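Read the structure below first, then the notes.
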Amino acid sequence: LKAKTTRPRLSNGCRVRAAATAVALPVEIPCQWYNVIADLSVKPPPPLHPKTFEPVKPEDLSPLFPDELIKQEASTDRFIDIPDEVLDIYRLWRPTPLIRAKRLEKILDTPARIYYKYEGVSPAGSHKPNTAVPQVYYNAQEGIKNVVTETGAGQWGSSLAFACSLFGLNCEVWQVRASYDQKPYRRLMMQTWGAKVHPSPSDITEAGRKILQMDPSSPGSLGIAISEAAEVAAANADTKYCLGSVLNHVLLHQTVIGEECIKQMEAVGETPDIIIGCTGGGSNFGGLSFPFIREKLNGKINPVKRAVEPTACPSLTKGVYAYDFGDTAGMTPLMKMHTLGHDFIPDPIHAGGLRYHGMAPLLSHVYELGLMEAISIPQTECFQGAIQFARTEGIIPAPEPTHAIAATIREALRCKETGEAKVILTAMCGHGHFDLASYEKYLQGKMVDLSFDEKKIQEALDKIPQVIA
């Protein structure tokens with residue numbers, strides 16, 4: 001049967017695309033983002049001004065963000081309407097498919113039923129456009145002409161470049177040097193959509209020059225790239241800064257993933273027993289899991305939520321929960337999060353999007369409340385799982401979601417041992433078409449597991465600001 005696509009109009013005026021997916025009946029694109037803060041009995045600690053250590057005020061953020069995003073960052077409203085202009089662009093790829101991994105189940109010989117929500121169908125090949133589009137839209141609404149950002153592997157930078165091309169804004173990106181060198185086609189993708197791309201650390205900014213003076217061969221980090229982009233935004237009145245993860249409004253926008261997924265699971269009569277996703281900054285995992293957390297808090301379901309991070313950058317499993325800077329230079333507000341220290345520069349693993357020293361404050365808070373758990377997995381096991389996935393399901397995953405795949409395989413094999421027929425839901429947040437050099441290294445037997453350095457982490461943790469809160 002051929003999938004049919006229709007564009008019905010709902011009574012609230014929101015047009016949606018209803019498309020048959022691999023496993024589910026037609027679902028609607030959500031017309032609202034979900035804010036998990038509204039349903040938490042204990043609210044997350046506020047961000048603090050980096051100089052006064054007082055809670056950040058809206059005017060403190062205005063040099064970096066448009067007013068609407070500042071409102072969303074601090075909002076406690078349960079739902080926030082998605083603008084029609086944003087929905088029109090979402091329709092290019094949403095709703096995204098929920099797929100049952102039957103072939104993977106068969107090769108693992110597991111009684112578990114594995115489903116994955118596939119965000120790689122977006123124009124940029126990942127989940128990142130879910131927030132790039134609204135961020136650029138709100139900047140355009142305020143007449144901003146230039147936006148700057150950082151990117152690791154390039155999924156976020158390419159997504160922002162894509163969104164800017166649609167709204168006519170200029171886009172400038174600082175890409176972590178290790179990924180800039182490893183993934184040239186991500187850079188070319190950004191440039192194709194009109195973005196200007198710099199390797200980070202660069203000699204363009206004061207923050208970059210300081211790092212290069214200390215280490216001319218620095219592989220860079222997301223913390224350094226954030227410092228460079230934020231420095232440029234703060235110094236230019238016609239320029240705003242966009243962030244691809246970590247902040248509340250970013251995780252808010254990503255909840256379209258979980259909202260769609262809840263309806264798709266209901267359509268096939270399934271309830272997840274465990275939800276698994278990779279975590280670096282937290283937007284992908286938060287986007288999938290937060291709507292399910294709402295359902296859990298309402299007593300409807302009770303799935304385990306398991307975040308998976310690289311052993312080389314284990315902020316949830318090895319970091320401390322403390323106020324720290326979101327960037328290396330100490331320009332951002334202090335955020336209470338699980339952190340390895342803002343000075344920590346992870347080893348150059350292939351999952352560049354997971355090389356961030358801290359975890360999203362909201363996700364860190366949810367973790368502290370006991371609403372989720374976390375594990376770390378080394379990259380060779382992740383790529384082993386990715387090969388199994390590619391050779392059964394046909395999709396070559398980006399290095400980031402290979403962590404979720406490896407954890408999913410672990411759980412499925414555990415079900416094989418126990419005989420439990422669990423329903424496993426995992427986040428496949430992007431494809432790896434521009435990451436084939438990583439696969440080449442694995443297939444040639446040249447990939448090694450890079451682990452965190454206890455001494456290096458301790459040195460970075462020693463420099464965390466001492467905040468009594």
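Lettering and numbering for the structure tokens are positional, with chains as A, B, ... in the shown order, residues counted from 1 in each chain, and ligands counted from 1 in the shown order.
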
Near A:Val232, counting only C-alpha atoms, which residues have an atom at most 10 Å away, once you skip same-chain residues fewer than 6 positions from it, shown as a compact mmCIF listing (two decimals) with C-alpha atoms, in the first residue's frame?
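Generated file (out38.txt):
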# COMPACT_ATOMS: atom_id res chain seq x y z
CA LEU A 64 22.28 37.42 23.39
CA VAL A 147 23.10 35.09 14.28
CA VAL A 148 26.18 33.28 15.58
CA THR A 149 26.61 29.88 17.15
CA GLU A 172 28.29 32.49 11.41
CA ILE A 204 39.17 35.85 15.51
CA THR A 205 38.13 36.21 19.15
CA GLU A 206 39.91 37.01 22.37
CA THR A 239 23.83 40.06 16.22
CA LYS A 240 22.22 37.45 18.46
CA TYR A 241 23.44 34.10 19.71

_Neighbour list for stretch 433-435 of chain A as a list in words, cut-off 10 Å, only C-alpha atoms, skip fewer than 3 positions in-chain_ = Gly125, Ala153, Gly154, Gln155, Ser179, Gln182, Lys183, Pro184, Tyr185, Arg186, Arg187, Met189, His350, Ala351, Ile395, Ile396, Pro397, Ala398, Pro399, Gly430, Ser438, Tyr439 and Glu440 of chain A

Could you save the residues just selected, with C-alpha atoms, as a tab-separated table (two decimals), in the first residue's frame?
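Ended up saving to again_8.tsv:
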chain	number	residue	atom	x	y	z
A	125	GLY	CA	19.70	14.91	8.86
A	153	ALA	CA	29.93	17.46	14.89
A	154	GLY	CA	28.05	19.97	12.75
A	155	GLN	CA	24.44	18.83	13.09
A	179	SER	CA	35.13	17.95	14.20
A	182	GLN	CA	37.10	15.07	10.96
A	183	LYS	CA	33.87	16.09	9.20
A	184	PRO	CA	34.56	18.41	6.22
A	185	TYR	CA	31.22	17.66	4.59
A	186	ARG	CA	29.31	19.06	7.57
A	187	ARG	CA	31.24	22.29	7.04
A	189	MET	CA	26.76	21.61	4.19
A	350	HIS	CA	33.98	10.71	16.96
A	351	ALA	CA	30.68	11.64	18.63
A	395	ILE	CA	20.19	3.19	8.42
A	396	ILE	CA	23.75	4.29	9.16
A	397	PRO	CA	23.49	6.17	12.48
A	398	ALA	CA	25.41	9.31	13.38
A	399	PRO	CA	28.09	8.60	16.03
A	430	GLY	CA	20.37	11.52	13.07
A	438	SER	CA	34.52	7.41	11.68
A	439	TYR	CA	33.12	4.15	10.33
A	440	GLU	CA	36.22	3.70	8.18

Within 6 Å of stretch 292-312 of chain A, which residues of stretch 320-416 of chain A come that close, and what is the closest atom pair and distance in Å for each? Count only C-alpha atoms and give it as CSV.
residue,atom,partner,partner_atom,distance
A:Met372,CA,A:Lys305,CA,4.8
A:Glu373,CA,A:Arg306,CA,4.9
A:Ala374,CA,A:Ala307,CA,4.5
A:Ile375,CA,A:Val308,CA,5.1
A:Ser376,CA,A:Glu309,CA,4.6
A:Ile377,CA,A:Pro310,CA,5.3
A:Pro378,CA,A:Thr311,CA,5.2

_Among the residues A:Gly168, A:Pro333, A:Gly287, A:Pro201, the one that comes closest to A:His253 [using only C-alpha atoms]_ = A:Gly287

Counting only C-alpha atoms, what are the residues of stretch 87-122 of chain A within 10 Å of stretch 25-40 of chain A, and for each of them which pair of atoms is the nearest and at what distance in Å, to one decimal? Sort the table by chain and rising number, as CSV.
residue,atom,partner,partner_atom,distance
A:Leu87,CA,A:Cys31,CA,7.6
A:Tyr90,CA,A:Ile29,CA,8.2
A:Arg91,CA,A:Ile29,CA,7.9
A:Arg94,CA,A:Ile29,CA,6.5
A:Pro95,CA,A:Ile29,CA,5.6
A:Thr96,CA,A:Ile29,CA,9.1
A:Pro97,CA,A:Val27,CA,9.9
